[in-house]
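Student: Handing over run-v4.txt, compact mmCIF, N, CA and C atoms.
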```
# COMPACT_ATOMS: atom_id res chain seq x y z
N MET L 1 -9.71 -72.86 10.36
CA MET L 1 -10.99 -72.70 11.01
C MET L 1 -11.05 -73.69 12.18
N ASN L 2 -11.49 -73.21 13.31
CA ASN L 2 -11.62 -74.12 14.46
C ASN L 2 -12.88 -74.96 14.29
N PRO L 3 -13.00 -76.05 15.05
CA PRO L 3 -14.15 -76.96 14.87
C PRO L 3 -15.51 -76.28 15.08
N ARG L 4 -15.60 -75.36 16.01
CA ARG L 4 -16.88 -74.67 16.24
C ARG L 4 -17.25 -73.80 15.04
N ALA L 5 -16.29 -73.07 14.50
CA ALA L 5 -16.55 -72.23 13.34
C ALA L 5 -16.90 -73.09 12.12
N GLU L 6 -16.24 -74.22 12.00
CA GLU L 6 -16.54 -75.13 10.88
C GLU L 6 -17.96 -75.67 10.98
N GLU L 7 -18.40 -76.00 12.19
CA GLU L 7 -19.77 -76.48 12.39
C GLU L 7 -20.78 -75.39 12.06
N ARG L 8 -20.52 -74.15 12.49
CA ARG L 8 -21.42 -73.03 12.18
C ARG L 8 -21.48 -72.80 10.67
N PHE L 9 -20.33 -72.93 10.00
CA PHE L 9 -20.28 -72.77 8.55
C PHE L 9 -21.11 -73.85 7.86
N ASP L 10 -20.98 -75.09 8.32
CA ASP L 10 -21.78 -76.19 7.76
C ASP L 10 -23.28 -75.96 7.99
N LEU L 11 -23.64 -75.44 9.17
CA LEU L 11 -25.05 -75.15 9.44
C LEU L 11 -25.55 -74.02 8.54
N ALA L 12 -24.71 -73.03 8.28
CA ALA L 12 -25.10 -71.94 7.38
C ALA L 12 -25.35 -72.48 5.97
N LYS L 13 -24.50 -73.38 5.51
CA LYS L 13 -24.70 -73.98 4.18
C LYS L 13 -25.98 -74.80 4.14
N GLU L 14 -26.24 -75.56 5.20
CA GLU L 14 -27.47 -76.35 5.26
C GLU L 14 -28.68 -75.42 5.31
N GLY L 15 -28.57 -74.31 6.02
CA GLY L 15 -29.64 -73.33 6.06
C GLY L 15 -29.94 -72.76 4.67
N LEU L 16 -28.90 -72.49 3.90
CA LEU L 16 -29.11 -72.01 2.53
C LEU L 16 -29.81 -73.06 1.68
N ARG L 17 -29.42 -74.32 1.85
CA ARG L 17 -30.11 -75.39 1.10
C ARG L 17 -31.59 -75.44 1.47
N ARG L 18 -31.87 -75.30 2.76
CA ARG L 18 -33.27 -75.31 3.22
C ARG L 18 -34.03 -74.11 2.67
N LEU L 19 -33.38 -72.94 2.64
CA LEU L 19 -34.04 -71.76 2.09
C LEU L 19 -34.38 -71.94 0.63
N LEU L 20 -33.49 -72.54 -0.14
CA LEU L 20 -33.75 -72.76 -1.55
C LEU L 20 -34.89 -73.75 -1.78
N ALA L 21 -35.10 -74.65 -0.83
CA ALA L 21 -36.16 -75.66 -0.96
C ALA L 21 -37.45 -75.23 -0.27
N ALA L 22 -37.44 -74.09 0.41
CA ALA L 22 -38.59 -73.67 1.21
C ALA L 22 -39.75 -73.22 0.34
N GLY L 23 -40.95 -73.50 0.82
CA GLY L 23 -42.16 -73.07 0.13
C GLY L 23 -43.24 -72.72 1.13
N ALA L 24 -44.18 -71.91 0.69
CA ALA L 24 -45.26 -71.49 1.59
C ALA L 24 -46.49 -71.13 0.76
N SER L 25 -47.62 -71.03 1.45
CA SER L 25 -48.90 -70.72 0.80
C SER L 25 -49.16 -69.23 0.72
N ASN L 26 -48.52 -68.45 1.61
CA ASN L 26 -48.71 -67.01 1.59
C ASN L 26 -47.45 -66.32 2.11
N LYS L 27 -47.44 -65.00 1.99
CA LYS L 27 -46.25 -64.22 2.35
C LYS L 27 -45.92 -64.33 3.84
N GLU L 28 -46.93 -64.34 4.68
CA GLU L 28 -46.70 -64.40 6.12
C GLU L 28 -46.06 -65.73 6.51
N ASP L 29 -46.57 -66.84 5.96
CA ASP L 29 -45.98 -68.15 6.24
C ASP L 29 -44.55 -68.23 5.72
N ALA L 30 -44.31 -67.63 4.55
CA ALA L 30 -42.96 -67.63 3.98
C ALA L 30 -42.00 -66.85 4.87
N ALA L 31 -42.44 -65.69 5.36
CA ALA L 31 -41.59 -64.88 6.24
C ALA L 31 -41.28 -65.63 7.53
N ASP L 32 -42.30 -66.30 8.10
CA ASP L 32 -42.09 -67.08 9.32
C ASP L 32 -41.12 -68.23 9.08
N LEU L 33 -41.26 -68.93 7.97
CA LEU L 33 -40.39 -70.05 7.65
C LEU L 33 -38.95 -69.59 7.45
N VAL L 34 -38.78 -68.50 6.71
CA VAL L 34 -37.43 -67.97 6.49
C VAL L 34 -36.80 -67.56 7.81
N SER L 35 -37.56 -66.95 8.71
CA SER L 35 -37.05 -66.56 10.03
C SER L 35 -36.63 -67.78 10.84
N ARG L 36 -37.45 -68.84 10.80
CA ARG L 36 -37.11 -70.05 11.56
C ARG L 36 -35.86 -70.72 11.01
N ILE L 37 -35.74 -70.76 9.69
CA ILE L 37 -34.55 -71.36 9.09
C ILE L 37 -33.31 -70.55 9.45
N ARG L 38 -33.43 -69.23 9.38
CA ARG L 38 -32.29 -68.39 9.71
C ARG L 38 -31.88 -68.54 11.17
N ARG L 39 -32.87 -68.56 12.08
CA ARG L 39 -32.56 -68.75 13.50
C ARG L 39 -31.86 -70.08 13.74
N ALA L 40 -32.37 -71.15 13.11
CA ALA L 40 -31.78 -72.48 13.29
C ALA L 40 -30.37 -72.53 12.72
N ALA L 41 -30.15 -71.88 11.59
CA ALA L 41 -28.81 -71.88 10.97
C ALA L 41 -27.82 -71.05 11.80
N ASN L 42 -28.31 -69.96 12.40
CA ASN L 42 -27.41 -69.09 13.16
C ASN L 42 -27.13 -69.58 14.57
N SER L 43 -28.14 -70.14 15.22
CA SER L 43 -27.94 -70.49 16.63
C SER L 43 -28.55 -71.83 17.02
N GLY L 44 -29.08 -72.57 16.08
CA GLY L 44 -29.71 -73.86 16.39
C GLY L 44 -28.74 -75.03 16.28
N THR L 45 -29.31 -76.20 16.26
CA THR L 45 -28.52 -77.42 16.14
C THR L 45 -28.75 -78.05 14.77
N ARG L 46 -27.86 -78.94 14.40
CA ARG L 46 -27.98 -79.64 13.12
C ARG L 46 -29.28 -80.44 13.06
N VAL L 47 -29.63 -81.11 14.15
CA VAL L 47 -30.85 -81.92 14.19
C VAL L 47 -32.08 -81.03 13.99
N GLU L 48 -32.10 -79.90 14.65
CA GLU L 48 -33.22 -78.96 14.52
C GLU L 48 -33.37 -78.48 13.08
N LEU L 49 -32.25 -78.15 12.45
CA LEU L 49 -32.29 -77.64 11.09
C LEU L 49 -32.67 -78.73 10.08
N GLU L 50 -32.11 -79.92 10.24
CA GLU L 50 -32.38 -81.00 9.29
C GLU L 50 -33.80 -81.55 9.40
N ASN L 51 -34.42 -81.43 10.57
CA ASN L 51 -35.77 -81.95 10.76
C ASN L 51 -36.85 -80.90 10.51
N MET L 52 -36.46 -79.71 10.12
CA MET L 52 -37.43 -78.65 9.88
C MET L 52 -38.19 -78.92 8.58
N LYS L 53 -39.51 -78.84 8.65
CA LYS L 53 -40.37 -79.03 7.49
C LYS L 53 -40.35 -77.72 6.69
N VAL L 54 -39.97 -77.81 5.40
CA VAL L 54 -39.81 -76.58 4.62
C VAL L 54 -40.85 -76.42 3.51
N TRP L 55 -41.71 -77.40 3.31
CA TRP L 55 -42.75 -77.29 2.27
C TRP L 55 -44.06 -77.78 2.85
N PRO L 56 -45.16 -77.04 2.67
CA PRO L 56 -46.45 -77.47 3.22
C PRO L 56 -46.97 -78.73 2.50
N ASP L 57 -47.53 -79.64 3.27
CA ASP L 57 -48.07 -80.89 2.70
C ASP L 57 -49.40 -80.64 1.99
N ASN L 58 -49.58 -81.29 0.87
CA ASN L 58 -50.85 -81.30 0.13
C ASN L 58 -51.46 -79.91 -0.07
N ASP L 59 -50.64 -78.94 -0.44
CA ASP L 59 -51.14 -77.60 -0.67
C ASP L 59 -50.81 -77.18 -2.10
N PRO L 60 -51.82 -77.24 -2.99
CA PRO L 60 -51.55 -76.89 -4.39
C PRO L 60 -51.25 -75.40 -4.58
N GLU L 61 -51.55 -74.58 -3.58
CA GLU L 61 -51.29 -73.14 -3.67
C GLU L 61 -49.89 -72.75 -3.21
N ALA L 62 -49.10 -73.72 -2.77
CA ALA L 62 -47.76 -73.43 -2.26
C ALA L 62 -46.83 -73.02 -3.40
N HIS L 63 -45.99 -72.04 -3.10
CA HIS L 63 -45.00 -71.54 -4.05
C HIS L 63 -43.65 -71.48 -3.33
N PRO L 64 -42.56 -71.47 -4.09
CA PRO L 64 -41.25 -71.29 -3.44
C PRO L 64 -41.23 -69.98 -2.65
N ALA L 65 -40.60 -70.01 -1.50
CA ALA L 65 -40.56 -68.83 -0.64
C ALA L 65 -39.89 -67.66 -1.33
N SER L 66 -38.95 -67.93 -2.20
CA SER L 66 -38.25 -66.83 -2.89
C SER L 66 -39.19 -66.00 -3.74
N GLU L 67 -40.28 -66.57 -4.24
CA GLU L 67 -41.23 -65.83 -5.07
C GLU L 67 -41.90 -64.70 -4.28
N TYR L 68 -41.98 -64.84 -2.98
CA TYR L 68 -42.62 -63.81 -2.17
C TYR L 68 -41.71 -62.63 -1.88
N PHE L 69 -40.39 -62.81 -2.07
CA PHE L 69 -39.44 -61.78 -1.66
C PHE L 69 -38.59 -61.23 -2.80
N VAL L 70 -38.66 -61.83 -3.97
CA VAL L 70 -37.85 -61.38 -5.11
C VAL L 70 -38.76 -60.64 -6.08
N ASN L 71 -38.33 -59.46 -6.48
CA ASN L 71 -39.07 -58.70 -7.47
C ASN L 71 -38.79 -59.34 -8.82
N GLU L 72 -39.81 -59.94 -9.43
CA GLU L 72 -39.62 -60.69 -10.67
C GLU L 72 -39.19 -59.81 -11.83
N ARG L 73 -39.66 -58.58 -11.89
CA ARG L 73 -39.26 -57.70 -12.98
C ARG L 73 -37.76 -57.40 -12.90
N ILE L 74 -37.28 -57.12 -11.70
CA ILE L 74 -35.85 -56.85 -11.52
C ILE L 74 -35.05 -58.10 -11.85
N ASP L 75 -35.52 -59.25 -11.40
CA ASP L 75 -34.84 -60.52 -11.70
C ASP L 75 -34.75 -60.76 -13.20
N LEU L 76 -35.83 -60.50 -13.93
CA LEU L 76 -35.82 -60.67 -15.38
C LEU L 76 -34.88 -59.68 -16.06
N LEU L 77 -34.83 -58.45 -15.57
CA LEU L 77 -33.91 -57.46 -16.14
C LEU L 77 -32.45 -57.88 -15.94
N VAL L 78 -32.15 -58.42 -14.77
CA VAL L 78 -30.78 -58.89 -14.50
C VAL L 78 -30.44 -60.05 -15.41
N ARG L 79 -31.35 -60.99 -15.57
CA ARG L 79 -31.10 -62.13 -16.46
C ARG L 79 -30.92 -61.68 -17.90
N GLU L 80 -31.72 -60.72 -18.34
CA GLU L 80 -31.58 -60.22 -19.71
C GLU L 80 -30.22 -59.55 -19.89
N ALA L 81 -29.80 -58.76 -18.92
CA ALA L 81 -28.49 -58.10 -19.01
C ALA L 81 -27.37 -59.13 -19.06
N GLU L 82 -27.48 -60.20 -18.26
CA GLU L 82 -26.46 -61.25 -18.30
C GLU L 82 -26.44 -61.94 -19.65
N THR L 83 -27.60 -62.16 -20.23
CA THR L 83 -27.68 -62.80 -21.55
C THR L 83 -27.01 -61.94 -22.61
N PHE L 84 -27.31 -60.63 -22.61
CA PHE L 84 -26.69 -59.75 -23.59
C PHE L 84 -25.18 -59.65 -23.36
N ARG L 85 -24.76 -59.64 -22.10
CA ARG L 85 -23.33 -59.54 -21.80
C ARG L 85 -22.58 -60.77 -22.27
N ASN L 86 -23.20 -61.92 -22.19
CA ASN L 86 -22.55 -63.17 -22.57
C ASN L 86 -22.81 -63.59 -24.01
N ASP L 87 -23.42 -62.73 -24.80
CA ASP L 87 -23.76 -63.07 -26.17
C ASP L 87 -22.49 -63.31 -27.00
N TYR L 88 -22.34 -64.51 -27.53
CA TYR L 88 -21.14 -64.88 -28.28
C TYR L 88 -21.07 -64.19 -29.64
N ARG L 89 -22.17 -63.67 -30.14
CA ARG L 89 -22.18 -63.02 -31.45
C ARG L 89 -21.61 -61.62 -31.40
N LYS L 90 -21.48 -61.09 -30.21
CA LYS L 90 -20.97 -59.73 -30.05
C LYS L 90 -19.47 -59.73 -30.30
N LYS L 91 -19.01 -58.97 -31.28
CA LYS L 91 -17.59 -58.99 -31.66
C LYS L 91 -16.77 -57.92 -30.96
N GLU L 92 -17.38 -56.78 -30.62
CA GLU L 92 -16.58 -55.73 -29.98
C GLU L 92 -16.26 -56.11 -28.54
N ARG L 93 -15.23 -55.48 -28.03
CA ARG L 93 -14.79 -55.80 -26.66
C ARG L 93 -15.86 -55.42 -25.66
N ARG L 94 -15.97 -56.22 -24.66
CA ARG L 94 -16.97 -55.96 -23.61
C ARG L 94 -16.42 -54.96 -22.60
N ILE L 95 -17.33 -54.31 -21.91
CA ILE L 95 -16.91 -53.38 -20.86
C ILE L 95 -16.45 -54.22 -19.67
N VAL L 96 -15.22 -54.00 -19.26
CA VAL L 96 -14.60 -54.84 -18.23
C VAL L 96 -15.38 -54.82 -16.93
N PHE L 97 -15.92 -53.67 -16.56
CA PHE L 97 -16.58 -53.56 -15.26
C PHE L 97 -17.93 -54.27 -15.22
N HIS L 98 -18.46 -54.69 -16.36
CA HIS L 98 -19.72 -55.44 -16.40
C HIS L 98 -19.49 -56.94 -16.36
N ALA L 99 -18.25 -57.37 -16.42
CA ALA L 99 -17.94 -58.80 -16.46
C ALA L 99 -17.94 -59.40 -15.06
N LEU L 100 -18.23 -60.70 -15.00
CA LEU L 100 -18.16 -61.39 -13.71
C LEU L 100 -16.72 -61.48 -13.24
N THR L 101 -15.80 -61.70 -14.19
CA THR L 101 -14.37 -61.70 -13.86
C THR L 101 -13.69 -60.70 -14.78
N GLN L 102 -12.80 -59.91 -14.23
CA GLN L 102 -12.12 -58.90 -15.01
C GLN L 102 -10.83 -59.48 -15.59
N PRO L 103 -10.61 -59.32 -16.92
CA PRO L 103 -9.37 -59.80 -17.52
C PRO L 103 -8.20 -58.93 -17.09
N LEU L 104 -7.03 -59.53 -17.00
CA LEU L 104 -5.84 -58.77 -16.65
C LEU L 104 -5.25 -58.21 -17.95
N PRO L 105 -5.01 -56.90 -18.03
CA PRO L 105 -4.58 -56.32 -19.28
C PRO L 105 -3.23 -56.84 -19.77
N TRP L 106 -2.35 -57.27 -18.86
CA TRP L 106 -1.02 -57.74 -19.25
C TRP L 106 -0.97 -59.24 -19.51
N ALA L 107 -2.06 -59.95 -19.22
CA ALA L 107 -2.09 -61.41 -19.42
C ALA L 107 -2.72 -61.73 -20.77
N LYS L 108 -2.19 -62.69 -21.44
CA LYS L 108 -2.74 -63.12 -22.74
C LYS L 108 -3.71 -64.27 -22.54
```
Just give me the structure of the file as structure tokens.

Tutor:
Amino acid sequence: MNPRAEERFDLAKEGLRRLLAAGASNKEDAADLVSRIRRAANSGTRVELENMKVWPDNDPEAHPASEYFVNERIDLLVREAETFRNDYRKKERRIVFHALTQPLPWAK
């Protein structure tokens, strides 16, 4: 990776960290914040991204930005499926295509 690509990659990782820490009081503010973080990660500078305020001050109504964009029912269904898939009490072989990593049939 050349130095410019490495810097862009580092900014993308920092942008993801900022997105995970982002919070807002309503959906519109969350959308605006996510757009600003994405713009800064894609074409901004490190200083701009690191100095961006990602959580509103003194707002008891603030929630993580992800709550405005993730369907909680779907998220819970996915978590439940992962729990059942990873259940250690299950003795029969698991379906290979549902696993995070597929076992190699010839490897022990």

Student: At a cut-off of 12 Å, using only C-alpha atoms, what residues contact L:Ser25? Leave out same-chain residues fewer than 6 positions from it and give the result as an NGL selection string.

Tutor: :L and (31-33 or 54-68)

Student: Tell me which of L:Arg46, L:Arg38, L:Arg89, L:Arg73 sits closest to L:Leu16, counting all atoms listed in the file.

Tutor: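 For L:Leu16, the nearest of the candidates is L:Arg38.
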
Student: Just how far from atom C of L:Ile74 is atom C of L:Ile37, in Å to one decimal?

Tutor: 24.7 Å

Student: Give me the residues within 12 Å of L:Asn42 as a ChimeraX atom specification, counting only C-alpha atoms and dropping any in the same chain fewer than 5 places off.

Tutor: /L:5,7-16,35-37,48-49

Student: Using DSSP on the backbone, list every residue of chain L that comes out as strand (DSSP E), and give them as number ranges by chain.

Tutor: L: 23-24, 63-64
